[in-house]
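> Provided herewith is a single structure, encoded as structure tokens, for subsequent inquiry.
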Amino acid sequence: PKLDILITRNIPGAALKLLRERFKVDIWPSDEVIPRPTLLSKIKDKDGVLCLLTDQINKEVLDKAGERLRVVSTISVGVDHVDTVECTKRGIKVGNTPDILTAATAELTVGLLISTSRRIVEGTHAARNGDWGAWKLMWMCGPTLDGATVGLFGLGRIGTAVVQRLKAFGVKKFLYNTANKKNNNFEKNLGVQFASFHDLLHESDFIISCCALNKSTAGIFNKNAFEKMKNSSIFINISRGGVVNQEDLYHALSHNIIRGAGIDVTTPEPLPTDHPLFSLKNCVVTPHIGSATEKTRMEMTMLAVQNLICGLDGTEMPAEYKQ
Ligand code: GLV
Ligand code: GLV
């Protein structure tokens with residue numbers, strides 16, 4: 001008999017077809033998030049689940065699933081929505097989608113950096129609203145990456161790809177802090193310098209958060225952190241909204257404690273349209289689209305499908321998440 005799997009969202013037809021050939025598929029056939037009660041009831045007696053970053057796969061879900069659950073495959077690189085410690089305890093394998101989304105996410109990071117510093121969104125609105133008067137020397141000016149110091153908080157696959165891309169923009173110095181550890185390989189091969197969190201904030205013109213969300217990074221960009229940044233600095237977040245204290249970010253942006261922010265991730269998502277951050281000209285918010293190229297999203301889906309298939313077959317998963 002076929003094993004039972006749950007798919008928590010609509011997925012592309014080719015991926016669904018592959019899964020239907022092998023498994024008895026229970027799917028929440030919608031583009032909306034599966035309601036919690038539905039997830040809790042559908043997960044019962046499943047052998048595997050294909051989920052998204054919007055689904056909290058915590059102890060409650062694992063308990064409801066029961067003994068049969070062996071694989072949690074998420075269509076995301078982030079696994080902060082999955083209780084990976086609890087999964088490991090129960091012998092449940094976790095699969096995620098690293099590498100294939102690195103380039104796309106690094107691209108968006110560069111996009112956010114430039115649209116924030118060069119005020120592209122604000123300028124577009126000004127042009128449309130009739131605020132585009134005579135060509136003025138000092139109008140819509142912003143800082144430049146050329147000769148700047150860029151600080152990376154988190155220097156994994158995505159952070160590394162961001163550094164590689166930004167080199168072409170004439171950045172003078174790259175600082176990094178990743179789990180507070182110096183990495184000699186990075187320093188040699190990538191030309192980046194370790195800095196304490198304090199120095200990273202204090203010295204950088206652009207600060208990019210590309211770390212994983214976990215206990216040590218949750219809320220780390222708070223009032224204290226923003227106050228250490230230069231008044232002229234630009235803050236970018238492409239990791240998870242949870243690394244930022246959003247009230248503190250709003251305060252910093254509205255009181256000229258920092259100059260601007262470009263954020264692809266928020267708390268909550270979606271960010272309500274009446275959220276104060278949306279009222280600020282110096283804040284660019286994109287709707288969690290870091291990996292959103294057609295190629296990447298398709299590859300992420302296919303990798304997650306392969307993770308699920310291999311995990312349930314008992315063969316090596318192409319991308320098993322290990323703590
Ligand atoms: C997106 O945020 C991901 O984790 O893949
Ligand atoms: C700007 O358009 C310039 O010609 O300097």
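Order determines the names: the first chain of the structure tokens is A, the second B, and so forth; residues in each chain are numbered 1 upward, and ligands are numbered 1 upward as they are shown.
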Run DSSP on the backbone and tell me which residues of segment 83-269 of chain A come out as alpha helix (DSSP H); list them as a PyMOL selection string.
chain A and resi 84-89+102-117+120-128+157-166+184-190+197-203+223-228+246-254
> Can you list, as a VMD selection string, all residues belonging to segment 21-261 of chain A that DSSP tags as strand (DSSP E or B)?
chain A and resid 23 to 27 48 to 51 57 71 to 74 82 93 to 95 149 to 153 173 to 178 181 193 to 194 206 to 209 221 234 to 237 244 260 to 261
> At a cut-off of 12 Å, can you tabulate as JSON lines every residue of chain A near ligand 2 together with its closest atom pair and the distance in Å to one decimal, using only C-alpha atoms and all ligand atoms and ordering rows by chain then number?

```
{"residue": "A:Trp135", "atom": "CA", "partner": "ligand 2", "partner_atom_place_in_ligand_line": "2 (O)", "distance": 9.0}
{"residue": "A:Lys136", "atom": "CA", "partner": "ligand 2", "partner_atom_place_in_ligand_line": "1 (C)", "distance": 10.4}
{"residue": "A:Leu137", "atom": "CA", "partner": "ligand 2", "partner_atom_place_in_ligand_line": "5 (O)", "distance": 9.5}
{"residue": "A:Met138", "atom": "CA", "partner": "ligand 2", "partner_atom_place_in_ligand_line": "1 (C)", "distance": 12.0}
```
> With only C-alpha atoms as the basis for distance, which of A:Ile92, A:Cys51, A:Cys87, A:Ile158 is at the shortest distance from Ile75 of chain A?
A:Cys51
> Once you count only C-alpha atoms, what closest atom pair and distance in Å to one decimal does each residue of segment 174-257 of chain A within 12 Å of segment 103-109 of chain A have, with rows by chain and rising residue number, as a Markdown table?

```
| residue | atom | partner | partner_atom | distance |
| --- | --- | --- | --- | --- |
| A:Phe206 | CA | A:Thr109 | CA | 11.5 |
| A:Ile207 | CA | A:Thr109 | CA | 11.2 |
| A:Ile208 | CA | A:Thr109 | CA | 8.3 |
| A:Ser209 | CA | A:Thr109 | CA | 9.7 |
| A:Cys210 | CA | A:Thr109 | CA | 9.1 |
| A:Phe235 | CA | A:Thr109 | CA | 11.0 |
| A:Ile236 | CA | A:Thr109 | CA | 7.5 |
| A:Asn237 | CA | A:Thr109 | CA | 8.1 |
| A:Ile238 | CA | A:Thr109 | CA | 6.7 |
| A:Ser239 | CA | A:Thr105 | CA | 9.6 |
```
> As a ChimeraX atom specification, please: every protein or nucleic acid residue near ligand 1 (cut-off 7 Å, counting only C-alpha atoms and all ligand atoms).
/A:53,75-79,97,239,288,290-291
> Can you tell me, as a list in words, what residues are no more than 7 Å from Val284 of chain A when counting only C-alpha atoms, ignoring any on the same chain fewer than 6 positions away?
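The contact residues come out as Thr116, Ala261, Gly262 and Ile263 of chain A.
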> With N, CA and C atoms retained, export the selected residues as a CSV table (one decimal), in the first residue's frame.

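What ended up in selection-v9.csv:
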```csv
chain,number,residue,atom,x,y,z
A,116,THR,N,16.6,51.3,-1.5
A,116,THR,CA,16.5,52.1,-0.2
A,116,THR,C,17.5,53.2,-0.3
A,261,ALA,N,15.6,51.9,5.8
A,261,ALA,CA,15.5,50.4,6.0
A,261,ALA,C,14.8,49.8,4.8
A,262,GLY,N,15.3,48.6,4.4
A,262,GLY,CA,14.7,47.8,3.3
A,262,GLY,C,14.5,46.5,3.9
A,263,ILE,N,13.2,46.1,4.0
A,263,ILE,CA,13.0,44.8,4.7
A,263,ILE,C,12.0,43.9,3.8
```
> Choose the residue, out of A:Arg240, A:Ile309, A:Pro270, A:Leu3, that has the smallest atom-to-atom separation from Glu32 of chain A; count only C-alpha atoms.
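Closest to Glu32 of chain A of all the choices is A:Pro270.
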> Quick check, in Å to one decimal: how far apart do atom CA of Ala15 of chain A and atom CA of Gln323 of chain A lie?
27.3 Å
> Given the choices A:Ala195, A:Val305, A:Leu112, A:Cys211, which gets closest to Asn282 of chain A if the distance is worked out from only C-alpha atoms?
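Residue with the minimum atom-to-atom distance to Asn282 of chain A: A:Leu112.
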> At what distance in Å, to one decimal, does atom CA of Phe197 of chain A lie from atom CA of Phe169 of chain A?
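That distance, rounded to one decimal, is 24.1 Å.
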> Neighbouring residues of Val121 of chain A were defined as those with any atom within 10 Å, considering only C-alpha atoms; residues of the same chain fewer than 2 positions away were excluded. Please report them as number ranges by chain.
A: 115-116, 118-119, 123-127, 281-285
> Measure the distance from atom CA of Ala218 of chain A to atom CA of Ala65 of chain A in Å and round it to one decimal.
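Pair atom CA of Ala218 of chain A / atom CA of Ala65 of chain A returns 28.2 Å.
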> Extract, using only C-alpha atoms, all DNA, RNA and protein residues at most 12 Å from segment 58-62 of chain A, discarding same-chain residues fewer than 6 positions from it, and format them as JSON, numbers by chain.
{"A": [36, 37, 38, 39, 40, 41, 42, 43, 44, 45, 46, 47, 48, 49, 68, 69, 70, 71, 72, 79, 80, 81, 82, 83, 84, 85, 86, 87, 88, 89, 90, 91, 92]}
> Would you mind exporting N, CA and C atoms of the selected residues as a compact mmCIF listing (two decimals), in the first residue's frame?

```txt
# COMPACT_ATOMS: atom_id res chain seq x y z
N ARG A 36 -5.19 26.16 11.05
CA ARG A 36 -4.55 25.34 12.08
C ARG A 36 -5.36 24.07 12.42
N PRO A 37 -6.68 24.20 12.67
CA PRO A 37 -7.44 22.98 13.01
C PRO A 37 -7.39 21.95 11.88
N THR A 38 -7.40 22.43 10.63
CA THR A 38 -7.35 21.51 9.49
C THR A 38 -6.01 20.80 9.44
N LEU A 39 -4.94 21.55 9.65
CA LEU A 39 -3.60 20.95 9.69
C LEU A 39 -3.54 19.89 10.79
N LEU A 40 -4.06 20.25 11.96
CA LEU A 40 -3.98 19.34 13.10
C LEU A 40 -4.79 18.06 12.86
N SER A 41 -5.89 18.17 12.12
CA SER A 41 -6.66 16.94 11.89
C SER A 41 -6.10 16.16 10.69
N LYS A 42 -5.64 16.86 9.65
CA LYS A 42 -5.16 16.15 8.46
C LYS A 42 -3.82 15.45 8.68
N ILE A 43 -3.02 15.94 9.61
CA ILE A 43 -1.68 15.38 9.79
C ILE A 43 -1.72 13.98 10.43
N LYS A 44 -2.86 13.66 11.02
CA LYS A 44 -2.98 12.39 11.73
C LYS A 44 -2.69 11.20 10.80
N ASP A 45 -1.82 10.33 11.27
CA ASP A 45 -1.47 9.09 10.56
C ASP A 45 -0.80 9.31 9.21
N LYS A 46 -0.19 10.47 9.00
CA LYS A 46 0.56 10.68 7.76
C LYS A 46 2.00 10.19 7.97
N ASP A 47 2.60 9.73 6.87
CA ASP A 47 4.00 9.29 6.93
C ASP A 47 4.95 10.45 6.64
N GLY A 48 4.44 11.42 5.88
CA GLY A 48 5.29 12.56 5.54
C GLY A 48 4.44 13.79 5.30
N VAL A 49 5.08 14.95 5.41
CA VAL A 49 4.36 16.19 5.14
C VAL A 49 5.25 17.12 4.31
N ARG A 68 3.61 7.49 12.96
CA ARG A 68 3.98 7.17 11.58
C ARG A 68 4.84 8.25 10.93
N LEU A 69 4.74 9.46 11.41
CA LEU A 69 5.41 10.57 10.71
C LEU A 69 6.92 10.39 10.71
N ARG A 70 7.52 10.38 9.52
CA ARG A 70 8.97 10.16 9.42
C ARG A 70 9.70 11.29 8.73
N VAL A 71 8.98 12.09 7.90
CA VAL A 71 9.67 13.16 7.17
C VAL A 71 8.84 14.45 7.17
N VAL A 72 9.50 15.55 7.51
CA VAL A 72 8.93 16.88 7.34
C VAL A 72 9.79 17.56 6.28
N VAL A 79 14.15 27.01 8.62
CA VAL A 79 13.43 25.94 9.31
C VAL A 79 12.96 26.41 10.69
N ASP A 80 12.92 27.75 10.88
CA ASP A 80 12.53 28.27 12.19
C ASP A 80 11.08 27.94 12.54
N HIS A 81 10.27 27.57 11.52
CA HIS A 81 8.87 27.20 11.78
C HIS A 81 8.73 25.72 12.14
N VAL A 82 9.83 24.98 12.09
CA VAL A 82 9.80 23.54 12.39
C VAL A 82 10.55 23.32 13.70
N ASP A 83 9.97 22.57 14.60
CA ASP A 83 10.70 22.23 15.84
C ASP A 83 11.67 21.09 15.50
N THR A 84 12.84 21.49 15.03
CA THR A 84 13.80 20.50 14.52
C THR A 84 14.37 19.64 15.66
N VAL A 85 14.46 20.23 16.85
CA VAL A 85 14.98 19.47 18.00
C VAL A 85 14.02 18.32 18.32
N GLU A 86 12.75 18.67 18.35
CA GLU A 86 11.72 17.67 18.65
C GLU A 86 11.66 16.61 17.54
N CYS A 87 11.82 17.04 16.29
CA CYS A 87 11.82 16.09 15.16
C CYS A 87 12.96 15.09 15.33
N THR A 88 14.16 15.59 15.64
CA THR A 88 15.32 14.72 15.81
C THR A 88 15.07 13.71 16.93
N LYS A 89 14.52 14.20 18.03
CA LYS A 89 14.22 13.32 19.17
C LYS A 89 13.33 12.16 18.76
N ARG A 90 12.40 12.47 17.85
CA ARG A 90 11.42 11.45 17.46
C ARG A 90 11.85 10.68 16.22
N GLY A 91 13.06 10.93 15.74
CA GLY A 91 13.54 10.22 14.55
C GLY A 91 12.88 10.68 13.26
N ILE A 92 12.34 11.89 13.28
CA ILE A 92 11.71 12.44 12.08
C ILE A 92 12.75 13.26 11.31
```
> Could you tell me which of A:Trp139, A:Phe278, A:Phe186, A:Phe226 comes closest to Ile257 of chain A if we count only C-alpha atoms?
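Checking each candidate against Ile257 of chain A, we get A:Phe226 as the closest.
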